[in-house]
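Printed here is upload21.cif (mmCIF, C-alpha atoms):
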data_input
loop_
_atom_site.label_atom_id
_atom_site.label_comp_id
_atom_site.auth_asym_id
_atom_site.auth_seq_id
_atom_site.Cartn_x
_atom_site.Cartn_y
_atom_site.Cartn_z
CA MET C 1 -66.68 67.67 84.49
CA SER C 2 -68.24 66.95 81.09
CA VAL C 3 -71.34 64.82 80.65
CA SER C 4 -69.29 62.08 79.00
CA ARG C 5 -66.89 61.93 81.92
CA LEU C 6 -69.78 61.80 84.40
CA LEU C 7 -71.34 58.96 82.43
CA LEU C 8 -68.02 57.05 82.37
CA ALA C 9 -67.56 57.43 86.13
CA ALA C 10 -71.10 56.17 86.76
CA LEU C 11 -70.54 53.13 84.55
CA LEU C 12 -67.26 52.30 86.30
CA ALA C 13 -68.95 52.57 89.70
CA VAL C 14 -71.65 50.14 88.63
CA ALA C 15 -69.13 47.69 87.15
CA ALA C 16 -66.79 47.70 90.17
CA PRO C 17 -67.32 44.69 92.46
CA ALA C 18 -68.78 45.45 95.86
CA ALA C 19 -66.29 45.41 98.73
CA ALA C 20 -66.29 42.13 100.65
CA GLN C 21 -68.41 42.38 103.74
CA GLU C 22 -66.81 40.86 106.83
CA PRO C 23 -69.23 38.97 109.07
CA ALA C 24 -70.08 40.67 112.34
CA THR C 25 -68.94 37.49 114.12
CA PRO C 26 -66.53 35.12 112.32
CA PRO C 27 -67.92 31.58 112.13
CA ARG C 28 -66.48 29.00 114.52
CA TYR C 29 -64.64 25.99 113.19
CA GLN C 30 -66.62 22.78 113.60
CA MET C 31 -64.93 19.41 113.88
CA PRO C 32 -66.11 17.08 111.10
CA ASN C 33 -68.06 13.94 112.04
CA SER C 34 -68.62 15.20 115.58
CA GLU C 35 -71.81 15.39 117.62
CA VAL C 36 -72.36 16.93 121.07
CA TRP C 37 -74.89 15.53 123.53
CA ARG C 38 -76.02 16.72 126.93
CA ILE C 39 -76.88 13.78 129.16
CA PRO C 40 -78.33 14.23 132.65
CA ALA C 41 -76.80 12.58 135.69
CA LYS C 42 -80.04 12.29 137.60
CA ALA C 43 -78.62 11.18 140.95
CA LEU C 44 -76.05 13.99 140.84
CA GLY C 45 -78.54 16.66 139.81
CA ARG C 46 -76.56 18.00 136.86
CA GLU C 47 -75.90 17.50 133.13
CA TYR C 48 -72.69 16.66 131.31
CA GLU C 49 -71.61 17.37 127.76
CA TYR C 50 -70.14 14.55 125.67
CA VAL C 51 -68.50 14.89 122.25
CA VAL C 52 -68.82 11.90 119.92
CA ASN C 53 -66.53 11.60 116.90
CA LEU C 54 -67.56 9.00 114.33
CA PRO C 55 -65.29 7.16 111.89
CA LEU C 56 -65.19 8.52 108.35
CA GLY C 57 -66.95 5.47 106.92
CA TYR C 58 -69.57 5.16 109.64
CA ALA C 59 -72.61 6.03 107.51
CA SER C 60 -71.59 3.80 104.61
CA ASN C 61 -71.12 0.71 106.81
CA PRO C 62 -74.51 0.33 108.50
CA GLU C 63 -73.89 -3.23 109.70
CA ARG C 64 -70.51 -2.59 111.28
CA ARG C 65 -70.00 -2.22 115.04
CA TYR C 66 -67.05 -0.27 116.36
CA PRO C 67 -64.79 -0.20 119.40
CA VAL C 68 -65.19 2.89 121.55
CA LEU C 69 -62.48 4.95 123.21
CA MET C 70 -63.56 7.32 125.97
CA TYR C 71 -61.18 9.98 127.24
CA THR C 72 -61.40 12.54 130.04
CA ASP C 73 -61.08 16.33 129.86
CA ALA C 74 -62.68 16.61 126.42
CA PRO C 75 -62.33 20.40 125.97
CA GLN C 76 -58.56 20.15 126.45
CA SER C 77 -57.98 17.01 124.40
CA ILE C 78 -60.54 16.67 121.63
CA ALA C 79 -58.40 18.12 118.82
CA LEU C 80 -55.25 16.23 119.85
CA ILE C 81 -56.83 12.80 120.26
CA ASN C 82 -59.07 12.86 117.20
CA GLY C 83 -56.43 14.46 115.00
CA MET C 84 -53.76 12.00 116.10
CA HIS C 85 -56.08 9.02 115.63
CA ARG C 86 -56.91 10.13 112.10
CA ARG C 87 -53.26 10.77 111.23
CA LEU C 88 -52.10 7.42 112.61
CA ARG C 89 -54.97 5.59 110.98
CA ALA C 90 -53.85 6.96 107.60
CA SER C 91 -50.19 6.16 108.26
CA GLU C 92 -48.39 2.84 108.27
CA ARG C 93 -49.62 2.32 111.83
CA GLY C 94 -53.08 1.67 110.39
CA LEU C 95 -55.11 2.13 113.59
CA GLN C 96 -58.59 0.66 113.87
CA ASP C 97 -61.60 2.78 113.15
CA ALA C 98 -63.29 3.67 116.43
CA ILE C 99 -66.02 5.79 117.93
CA ILE C 100 -64.19 8.31 120.09
CA VAL C 101 -66.07 9.91 122.99
CA GLY C 102 -64.84 12.92 124.92
CA LEU C 103 -66.04 13.01 128.52
CA GLY C 104 -66.89 16.66 129.06
CA TYR C 105 -67.46 18.64 132.23
CA ALA C 106 -70.67 19.37 134.08
CA VAL C 107 -72.72 22.05 132.33
CA GLY C 108 -72.21 25.36 134.11
CA ASP C 109 -69.03 24.27 135.91
CA SER C 110 -65.50 25.24 135.00
CA GLY C 111 -63.23 22.43 133.93
CA GLU C 112 -61.09 22.71 137.04
CA TYR C 113 -64.08 22.65 139.36
CA SER C 114 -65.78 19.73 137.60
CA ARG C 115 -62.72 17.50 137.31
CA ARG C 116 -61.61 18.02 140.93
CA ARG C 117 -65.01 16.86 142.10
CA ASP C 118 -65.82 14.14 139.58
CA TYR C 119 -62.45 12.42 139.17
CA THR C 120 -61.44 12.14 142.85
CA PRO C 121 -62.50 9.24 145.10
CA THR C 122 -62.68 10.97 148.49
CA ALA C 123 -63.26 14.45 149.89
CA HIS C 124 -59.67 14.62 151.19
CA GLY C 125 -58.32 16.91 148.50
CA ASP C 126 -55.91 19.83 148.61
CA ILE C 127 -56.78 21.91 151.68
CA ASP C 128 -55.10 24.93 150.06
CA ALA C 129 -57.11 24.75 146.82
CA VAL C 130 -58.96 27.90 145.80
CA SER C 131 -62.23 27.69 143.89
CA ASP C 132 -62.28 29.30 140.47
CA MET C 133 -66.08 29.60 140.71
CA PRO C 134 -67.09 32.56 142.89
CA GLY C 135 -69.49 31.69 145.68
CA ARG C 136 -68.79 27.96 145.56
CA GLN C 137 -66.47 25.98 147.78
CA VAL C 138 -63.95 23.62 146.20
CA ALA C 139 -65.48 20.14 145.99
CA TYR C 140 -63.81 16.73 145.88
CA GLY C 141 -64.81 13.10 146.20
CA GLU C 142 -67.69 12.31 143.82
CA ALA C 143 -65.87 9.82 141.59
CA GLU C 144 -68.18 6.94 142.49
CA GLY C 145 -71.29 8.94 141.65
CA TYR C 146 -69.77 9.97 138.33
CA ARG C 147 -68.73 6.35 137.60
CA GLN C 148 -72.30 5.20 138.20
CA HIS C 149 -73.54 7.91 135.83
CA LEU C 150 -71.20 6.70 133.09
CA LYS C 151 -72.18 3.07 133.51
CA ASN C 152 -75.92 3.44 134.06
CA GLU C 153 -76.78 6.51 131.98
CA LEU C 154 -74.04 7.36 129.47
CA PHE C 155 -73.24 3.84 128.25
CA PRO C 156 -76.86 2.83 127.51
CA GLU C 157 -77.55 6.15 125.77
CA LEU C 158 -74.49 5.93 123.55
CA GLU C 159 -75.14 2.29 122.70
CA ARG C 160 -78.73 3.16 121.79
CA ARG C 161 -77.62 5.91 119.43
CA TYR C 162 -74.47 4.40 117.93
CA ARG C 163 -73.18 1.02 116.77
CA ILE C 164 -70.78 0.53 119.67
CA ASP C 165 -69.34 -2.87 120.50
CA PRO C 166 -69.62 -3.02 124.33
CA ALA C 167 -66.96 -5.75 124.41
CA ARG C 168 -64.36 -3.28 123.09
CA ARG C 169 -64.36 -0.30 125.43
CA THR C 170 -61.16 1.63 126.17
CA TYR C 171 -60.71 4.29 128.85
CA LEU C 172 -58.01 6.99 128.60
CA GLY C 173 -57.32 9.48 131.38
CA HIS C 174 -54.47 11.76 132.47
CA SER C 175 -53.59 13.03 135.97
CA TYR C 176 -56.87 13.17 137.92
CA GLY C 177 -58.32 11.37 134.90
CA GLY C 178 -55.78 8.58 135.52
CA LEU C 179 -56.78 8.53 139.17
CA PHE C 180 -60.41 8.16 138.14
CA GLY C 181 -59.43 5.31 135.85
CA MET C 182 -57.82 3.54 138.82
CA HIS C 183 -61.02 4.09 140.78
CA ILE C 184 -63.01 2.37 138.03
CA LEU C 185 -60.46 -0.45 137.75
CA LEU C 186 -60.60 -1.22 141.48
CA ASN C 187 -64.39 -1.01 141.70
CA ASP C 188 -65.63 -2.48 138.42
CA PRO C 189 -62.71 -3.57 136.19
CA SER C 190 -64.93 -5.04 133.47
CA MET C 191 -66.59 -1.66 132.91
CA PHE C 192 -63.84 -1.17 130.30
CA GLN C 193 -61.73 -3.86 128.69
CA GLN C 194 -58.68 -1.59 128.32
CA TYR C 195 -57.32 1.25 130.45
CA VAL C 196 -54.76 3.85 129.33
CA LEU C 197 -53.66 5.61 132.53
CA ILE C 198 -51.29 8.53 131.97
CA SER C 199 -49.55 10.10 134.98
CA PRO C 200 -52.26 8.89 137.40
CA SER C 201 -52.40 10.99 140.57
CA LEU C 202 -51.75 8.07 142.90
CA TRP C 203 -50.48 10.50 145.55
CA TYR C 204 -54.08 11.58 146.19
CA ASP C 205 -55.30 11.21 149.80
CA ARG C 206 -52.00 9.76 151.06
CA ARG C 207 -51.75 7.26 148.21
CA LEU C 208 -55.23 5.89 148.81
CA MET C 209 -55.23 3.81 145.63
CA ILE C 210 -52.17 1.85 146.76
CA ALA C 211 -54.13 0.79 149.86
CA ARG C 212 -57.32 0.12 147.88
CA GLU C 213 -55.43 -2.16 145.52
CA ARG C 214 -54.38 -4.29 148.50
CA GLY C 215 -58.00 -4.41 149.63
CA TYR C 216 -59.12 -5.49 146.16
CA ALA C 217 -56.55 -8.31 146.20
CA MET C 218 -57.91 -9.61 149.49
CA ARG C 219 -61.44 -9.90 148.07
CA HIS C 220 -60.87 -10.98 144.45
CA LYS C 221 -59.11 -13.71 142.53
CA ASP C 222 -59.07 -11.93 139.18
CA MET C 223 -59.02 -8.50 137.53
CA PRO C 224 -60.26 -8.85 133.93
CA ALA C 225 -58.58 -5.92 132.18
CA LYS C 226 -55.63 -4.77 130.11
CA VAL C 227 -53.89 -1.73 131.63
CA PHE C 228 -51.20 0.52 130.15
CA PHE C 229 -49.55 2.86 132.67
CA MET C 230 -47.42 5.77 131.36
CA ILE C 231 -45.62 8.64 133.00
CA GLY C 232 -42.98 11.32 132.38
CA GLY C 233 -39.51 10.65 133.70
CA GLU C 234 -39.42 14.09 135.32
CA GLU C 235 -42.43 13.32 137.55
CA THR C 236 -40.23 12.28 140.45
CA VAL C 237 -38.36 13.55 143.50
CA PRO C 238 -34.83 12.93 144.80
CA ASP C 239 -34.52 9.72 146.79
CA PRO C 240 -35.42 9.56 149.60
CA ASP C 241 -38.75 11.37 149.51
CA THR C 242 -38.65 13.86 152.37
CA GLU C 243 -42.42 14.33 152.62
CA PRO C 244 -44.13 12.69 155.63
CA HIS C 245 -45.28 9.13 154.88
CA SER C 246 -43.69 9.44 151.39
CA ALA C 247 -46.65 11.61 150.41
CA SER C 248 -44.92 13.90 147.90
CA ARG C 249 -47.08 14.68 144.90
CA MET C 250 -44.04 14.58 142.68
CA ALA C 251 -43.04 10.99 143.52
CA MET C 252 -45.33 9.87 140.74
CA VAL C 253 -42.83 7.66 138.91
CA GLU C 254 -42.26 5.74 142.14
CA ASP C 255 -45.97 5.51 142.93
CA MET C 256 -46.75 4.14 139.49
CA ALA C 257 -43.92 1.61 139.69
CA GLU C 258 -45.23 0.39 143.05
CA MET C 259 -48.76 0.04 141.71
CA VAL C 260 -47.51 -1.95 138.71
CA ARG C 261 -45.40 -4.24 140.95
CA ASN C 262 -48.36 -4.86 143.22
CA LEU C 263 -50.72 -5.66 140.37
CA GLU C 264 -48.24 -7.99 138.69
CA SER C 265 -47.60 -9.81 141.96
CA ARG C 266 -51.26 -10.86 142.20
CA ASN C 267 -50.98 -13.16 139.16
CA TYR C 268 -54.55 -12.45 138.12
CA PRO C 269 -55.34 -14.69 135.15
CA GLY C 270 -57.34 -12.00 133.33
CA LEU C 271 -54.99 -9.05 133.93
CA SER C 272 -52.37 -7.71 131.52
CA VAL C 273 -50.20 -4.82 132.71
CA LYS C 274 -47.77 -2.70 130.70
CA GLN C 275 -45.82 0.38 131.77
CA GLN C 276 -43.68 3.00 130.08
CA VAL C 277 -41.66 5.95 131.37
CA PHE C 278 -40.91 8.77 128.90
CA PRO C 279 -37.49 10.25 129.78
CA GLY C 280 -37.31 14.03 129.81
CA GLU C 281 -41.08 14.54 129.89
CA ASP C 282 -42.92 16.28 132.71
CA HIS C 283 -46.54 16.06 133.88
CA GLY C 284 -47.85 18.19 131.04
CA SER C 285 -45.55 17.33 128.15
CA VAL C 286 -45.86 13.55 128.57
CA TYR C 287 -49.47 13.70 127.42
CA VAL C 288 -48.66 14.01 123.72
CA PRO C 289 -46.30 10.99 123.33
CA ALA C 290 -48.39 8.97 125.79
CA VAL C 291 -51.59 9.54 123.82
CA ARG C 292 -49.85 8.29 120.70
CA ALA C 293 -48.53 5.21 122.47
CA GLY C 294 -51.93 4.61 124.06
CA LEU C 295 -53.79 4.82 120.76
CA GLU C 296 -51.38 2.42 119.07
CA TRP C 297 -51.69 0.00 121.98
CA ALA C 298 -55.47 0.19 122.32
CA LEU C 299 -56.50 0.32 118.65
CA PRO C 300 -53.94 -1.65 116.61
CA GLY C 301 -55.38 -2.37 113.21
CA SER C 302 -52.82 -3.12 110.53
CA GLY C 303 -50.80 -5.84 112.21
CA LYS C 304 -47.68 -3.75 111.63
CA SER C 305 -45.25 -3.13 114.46
CA GLU C 306 -45.98 -0.33 116.90
CA HIS C 307 -43.89 2.82 116.98
CA LYS C 308 -40.45 2.26 118.52
CA PRO C 309 -39.03 5.39 120.15
CA CYS C 310 -35.26 5.87 120.19
CA LEU C 311 -34.71 4.36 123.63
CA ASN C 312 -32.38 1.64 124.80
CA ALA C 313 -33.35 -1.34 126.97
CA ALA C 314 -33.05 0.82 130.09
CA GLY C 315 -35.45 3.40 128.68
CA LYS C 316 -32.73 6.00 128.03
CA PRO C 317 -32.52 8.07 124.82
CA ILE C 318 -30.10 6.79 122.18
CA ALA C 319 -27.90 9.76 121.25
CA THR C 320 -27.14 8.62 117.70
CA CYS C 321 -30.71 7.68 116.84
#

Target format structure tokens, applied to this file:
Amino acid sequence: MSVSRLLLAALLAVAAPAAAQEPATPPRYQMPNSEVWRIPAKALGREYEYVVNLPLGYASNPERRYPVLMYTDAPQSIALINGMHRRLRASERGLQDAIIVGLGYAVGDSGEYSRRRDYTPTAHGDIDAVSDMPGRQVAYGEAEGYRQHLKNELFPELERRYRIDPARRTYLGHSYGGLFGMHILLNDPSMFQQYVLISPSLWYDRRLMIARERGYAMRHKDMPAKVFFMIGGEETVPDPDTEPHSASRMAMVEDMAEMVRNLESRNYPGLSVKQQVFPGEDHGSVYVPAVRAGLEWALPGSGKSEHKPCLNAAGKPIATC
């Protein structure tokens, strides 16, 4: 090769852009306006992670206080709930701004292990359950300890750090999270002003919550709370329930209906109860439409009418809609 050609090749090599270098580890996506805190539960001897999502205008409105919505199972639900709230807020629904707090699991525990233990009111869980944490037995029944941690440790810490209005607290929980919400409601109803209970596991411990509601009614004249019960229409069994003592886990539509009837029959002056069954939805799929309905119910902001699904007065789908 001639000298001129060698010189040209060298110049081209210098002028060519360097190949893009891929990072050894791709960066993780971070949710905007979110903060993660580890807060110890001293009496329980462990820490919990909590994810706080702030409204877009939080920093520019230093005098404003906000309602707070707390939901269970944060790792499973954080993207859905925060994304849906933001979408609905920007739509004609016009939801309120809110501080949204995801209740995470105990640090070092799997989600399944933590929620079985922390969301259930007694140790009488599934005798056939298998632990997903090697070397540790399945644990149930620490709901009251976890409730005390939320009230006495989490609430004060969050209200110290953020401009939360303690008179506008909403709880949202699904399945065992709904069961835990019932536990709070029957032990300390004013801990939250609003409860969104989706497919609550009222079958737990031979329908313990049905009995505890009767006990609450014997001791109290009021239940100061607004409660929205929701469930999938497929969460049921053929009538009659063939399980002993009507203990089938799948008779959840019937269990919820009985709980609502019982609560309404008490005529508590401070209680408001609403229920909705989503036809065609099962225990998992109901979560998405129920979260939407729960957000619109708990955080209405524009004064416009709430979303009306294509259902008739009996709750059945309208074919031509």

Problem - Nearest to Glu63 of chain C, chosen from C:His220, C:Arg163, C:Arg261, C:Arg212, with all atoms listed in the file counted in the distances - result: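 Nearest candidate to Glu63 of chain C out of C:His220, C:Arg163, C:Arg261, C:Arg212: C:Arg163.
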
Exercise for the section: Considering all atoms listed in the file, return as a PyMOL selection string whatever protein or nucleic-acid residues lie within 6 Å of Ala225 of chain C, sequence-local ones (same chain, fewer than 3 positions apart) excluded. Expected result: chain C and resi 193-194+271

Practice task
Name every residue that the PyMOL selection byres ((chain C and resi 229) around 12) selects in this structure, writing the answer as a PyMOL selection string with chains first and numbers rising.
Solution key: chain C and resi 171-175+178-179+181-182+194-202+226-228+230-232+252-253+255-261+263+272-278+290-291+293-294+297

Those residues with C-alpha atoms, as a PDB file, in the coordinates of the input please?
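And here is the file that came out, again_0.pdb:
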ATOM      1  CA  TYR C 171     -60.710   4.290 128.850  1.00  0.00           C
ATOM      2  CA  LEU C 172     -58.010   6.990 128.600  1.00  0.00           C
ATOM      3  CA  GLY C 173     -57.320   9.480 131.380  1.00  0.00           C
ATOM      4  CA  HIS C 174     -54.470  11.760 132.470  1.00  0.00           C
ATOM      5  CA  SER C 175     -53.590  13.030 135.970  1.00  0.00           C
ATOM      6  CA  GLY C 178     -55.780   8.580 135.520  1.00  0.00           C
ATOM      7  CA  LEU C 179     -56.780   8.530 139.170  1.00  0.00           C
ATOM      8  CA  GLY C 181     -59.430   5.310 135.850  1.00  0.00           C
ATOM      9  CA  MET C 182     -57.820   3.540 138.820  1.00  0.00           C
ATOM     10  CA  GLN C 194     -58.680  -1.590 128.320  1.00  0.00           C
ATOM     11  CA  TYR C 195     -57.320   1.250 130.450  1.00  0.00           C
ATOM     12  CA  VAL C 196     -54.760   3.850 129.330  1.00  0.00           C
ATOM     13  CA  LEU C 197     -53.660   5.610 132.530  1.00  0.00           C
ATOM     14  CA  ILE C 198     -51.290   8.530 131.970  1.00  0.00           C
ATOM     15  CA  SER C 199     -49.550  10.100 134.980  1.00  0.00           C
ATOM     16  CA  PRO C 200     -52.260   8.890 137.400  1.00  0.00           C
ATOM     17  CA  SER C 201     -52.400  10.990 140.570  1.00  0.00           C
ATOM     18  CA  LEU C 202     -51.750   8.070 142.900  1.00  0.00           C
ATOM     19  CA  LYS C 226     -55.630  -4.770 130.110  1.00  0.00           C
ATOM     20  CA  VAL C 227     -53.890  -1.730 131.630  1.00  0.00           C
ATOM     21  CA  PHE C 228     -51.200   0.520 130.150  1.00  0.00           C
ATOM     22  CA  MET C 230     -47.420   5.770 131.360  1.00  0.00           C
ATOM     23  CA  ILE C 231     -45.620   8.640 133.000  1.00  0.00           C
ATOM     24  CA  GLY C 232     -42.980  11.320 132.380  1.00  0.00           C
ATOM     25  CA  MET C 252     -45.330   9.870 140.740  1.00  0.00           C
ATOM     26  CA  VAL C 253     -42.830   7.660 138.910  1.00  0.00           C
ATOM     27  CA  ASP C 255     -45.970   5.510 142.930  1.00  0.00           C
ATOM     28  CA  MET C 256     -46.750   4.140 139.490  1.00  0.00           C
ATOM     29  CA  ALA C 257     -43.920   1.610 139.690  1.00  0.00           C
ATOM     30  CA  GLU C 258     -45.230   0.390 143.050  1.00  0.00           C
ATOM     31  CA  MET C 259     -48.760   0.040 141.710  1.00  0.00           C
ATOM     32  CA  VAL C 260     -47.510  -1.950 138.710  1.00  0.00           C
ATOM     33  CA  ARG C 261     -45.400  -4.240 140.950  1.00  0.00           C
ATOM     34  CA  LEU C 263     -50.720  -5.660 140.370  1.00  0.00           C
ATOM     35  CA  SER C 272     -52.370  -7.710 131.520  1.00  0.00           C
ATOM     36  CA  VAL C 273     -50.200  -4.820 132.710  1.00  0.00           C
ATOM     37  CA  LYS C 274     -47.770  -2.700 130.700  1.00  0.00           C
ATOM     38  CA  GLN C 275     -45.820   0.380 131.770  1.00  0.00           C
ATOM     39  CA  GLN C 276     -43.680   3.000 130.080  1.00  0.00           C
ATOM     40  CA  VAL C 277     -41.660   5.950 131.370  1.00  0.00           C
ATOM     41  CA  PHE C 278     -40.910   8.770 128.900  1.00  0.00           C
ATOM     42  CA  ALA C 290     -48.390   8.970 125.790  1.00  0.00           C
ATOM     43  CA  VAL C 291     -51.590   9.540 123.820  1.00  0.00           C
ATOM     44  CA  ALA C 293     -48.530   5.210 122.470  1.00  0.00           C
ATOM     45  CA  GLY C 294     -51.930   4.610 124.060  1.00  0.00           C
ATOM     46  CA  TRP C 297     -51.690   0.000 121.980  1.00  0.00           C
TER      47      TRP C 297
END

Exercise for the section: Give as a ChimeraX atom specification the set of residues within 6 Å of the point (-63.9, -5.5, 126.7), where distances use the file's coordinates and all atoms listed in the file. Expected result: /C:167-169,192-193

Problem - Residues selected by the PyMOL selection byres ((chain C and resi 48) around 8), written as a list in words - result: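 Matching residues under the PyMOL selection byres ((chain C and resi 48) around 8) are Arg38, Ile39, Pro40, Ala41, Arg46, Glu47, Glu49, Tyr50, Gly104, Tyr105, Ala106 and Val107 of chain C.
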
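If you measure from each of C:Pro55, C:Gly145, C:Asn187, C:Gly177 to Ala74 of chain C using only C-alpha atoms, the closest one turns out to be C:Gly177.
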
Exercise for the section: Could you state which residues are captured by the PyMOL selection byres ((chain C and resi 82-87) around 10) in this file, as a ChimeraX atom specification? Expected result: /C:31,34,53-56,77-81,88-102,288,291-292,295-296,299

Dump C-alpha atoms for the selected residues as an mmCIF file, in the frame of the given file?
data_model
loop_
_atom_site.group_PDB
_atom_site.id
_atom_site.type_symbol
_atom_site.label_atom_id
_atom_site.label_comp_id
_atom_site.auth_asym_id
_atom_site.auth_seq_id
_atom_site.Cartn_x
_atom_site.Cartn_y
_atom_site.Cartn_z
ATOM 1 C CA MET C 31 -64.930 19.410 113.880
ATOM 2 C CA SER C 34 -68.620 15.200 115.580
ATOM 3 C CA ASN C 53 -66.530 11.600 116.900
ATOM 4 C CA LEU C 54 -67.560 9.000 114.330
ATOM 5 C CA PRO C 55 -65.290 7.160 111.890
ATOM 6 C CA LEU C 56 -65.190 8.520 108.350
ATOM 7 C CA SER C 77 -57.980 17.010 124.400
ATOM 8 C CA ILE C 78 -60.540 16.670 121.630
ATOM 9 C CA ALA C 79 -58.400 18.120 118.820
ATOM 10 C CA LEU C 80 -55.250 16.230 119.850
ATOM 11 C CA ILE C 81 -56.830 12.800 120.260
ATOM 12 C CA LEU C 88 -52.100 7.420 112.610
ATOM 13 C CA ARG C 89 -54.970 5.590 110.980
ATOM 14 C CA ALA C 90 -53.850 6.960 107.600
ATOM 15 C CA SER C 91 -50.190 6.160 108.260
ATOM 16 C CA GLU C 92 -48.390 2.840 108.270
ATOM 17 C CA ARG C 93 -49.620 2.320 111.830
ATOM 18 C CA GLY C 94 -53.080 1.670 110.390
ATOM 19 C CA LEU C 95 -55.110 2.130 113.590
ATOM 20 C CA GLN C 96 -58.590 0.660 113.870
ATOM 21 C CA ASP C 97 -61.600 2.780 113.150
ATOM 22 C CA ALA C 98 -63.290 3.670 116.430
ATOM 23 C CA ILE C 99 -66.020 5.790 117.930
ATOM 24 C CA ILE C 100 -64.190 8.310 120.090
ATOM 25 C CA VAL C 101 -66.070 9.910 122.990
ATOM 26 C CA GLY C 102 -64.840 12.920 124.920
ATOM 27 C CA VAL C 288 -48.660 14.010 123.720
ATOM 28 C CA VAL C 291 -51.590 9.540 123.820
ATOM 29 C CA ARG C 292 -49.850 8.290 120.700
ATOM 30 C CA LEU C 295 -53.790 4.820 120.760
ATOM 31 C CA GLU C 296 -51.380 2.420 119.070
ATOM 32 C CA LEU C 299 -56.500 0.320 118.650
#

Handout entry: Selected residue, from C:Gly233, C:Gly125, C:Gly215, C:Gly57, that lies nearest to Gly141 of chain C when counting all atoms listed in the file
Key =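 Nearest candidate to Gly141 of chain C out of C:Gly233, C:Gly125, C:Gly215, C:Gly57: C:Gly125.
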
Handout entry: Residues within 7 Å of Phe180 of chain C, only C-alpha atoms, excluding chain neighbours under 5 positions, as number ranges by chain
Key = C: 119-120, 143

Handout entry: Between atom CA of Arg64 of chain C and atom CA of Ala298 of chain C - distance in Å to one decimal
Key =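 Atom CA of Arg64 of chain C lies 18.9 Å from atom CA of Ala298 of chain C.
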
Handout entry: Atom pair atom CA of Arg207 of chain C / atom CA of Arg266 of chain C: separation (Å)
Key =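 Calculated distance between atom CA of Arg207 of chain C and atom CA of Arg266 of chain C is 19.1 Å.
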
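You can rank C:Val52, C:Gln76, C:Arg65, C:Tyr58 by their closest distance to Tyr287 of chain C using only C-alpha atoms, and at the top of that list sits C:Gln76.
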
Problem - Nearest to Met191 of chain C, chosen from C:Met209, C:Ala217, C:Leu103, C:Met223, with all atoms listed in the file counted in the distances - result: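 Between C:Met209, C:Ala217, C:Leu103, C:Met223, the residue approaching Met191 of chain C most closely is C:Met223.
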
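You will find atom CA of Asp205 of chain C at 5.7 Å from atom CA of His124 of chain C.
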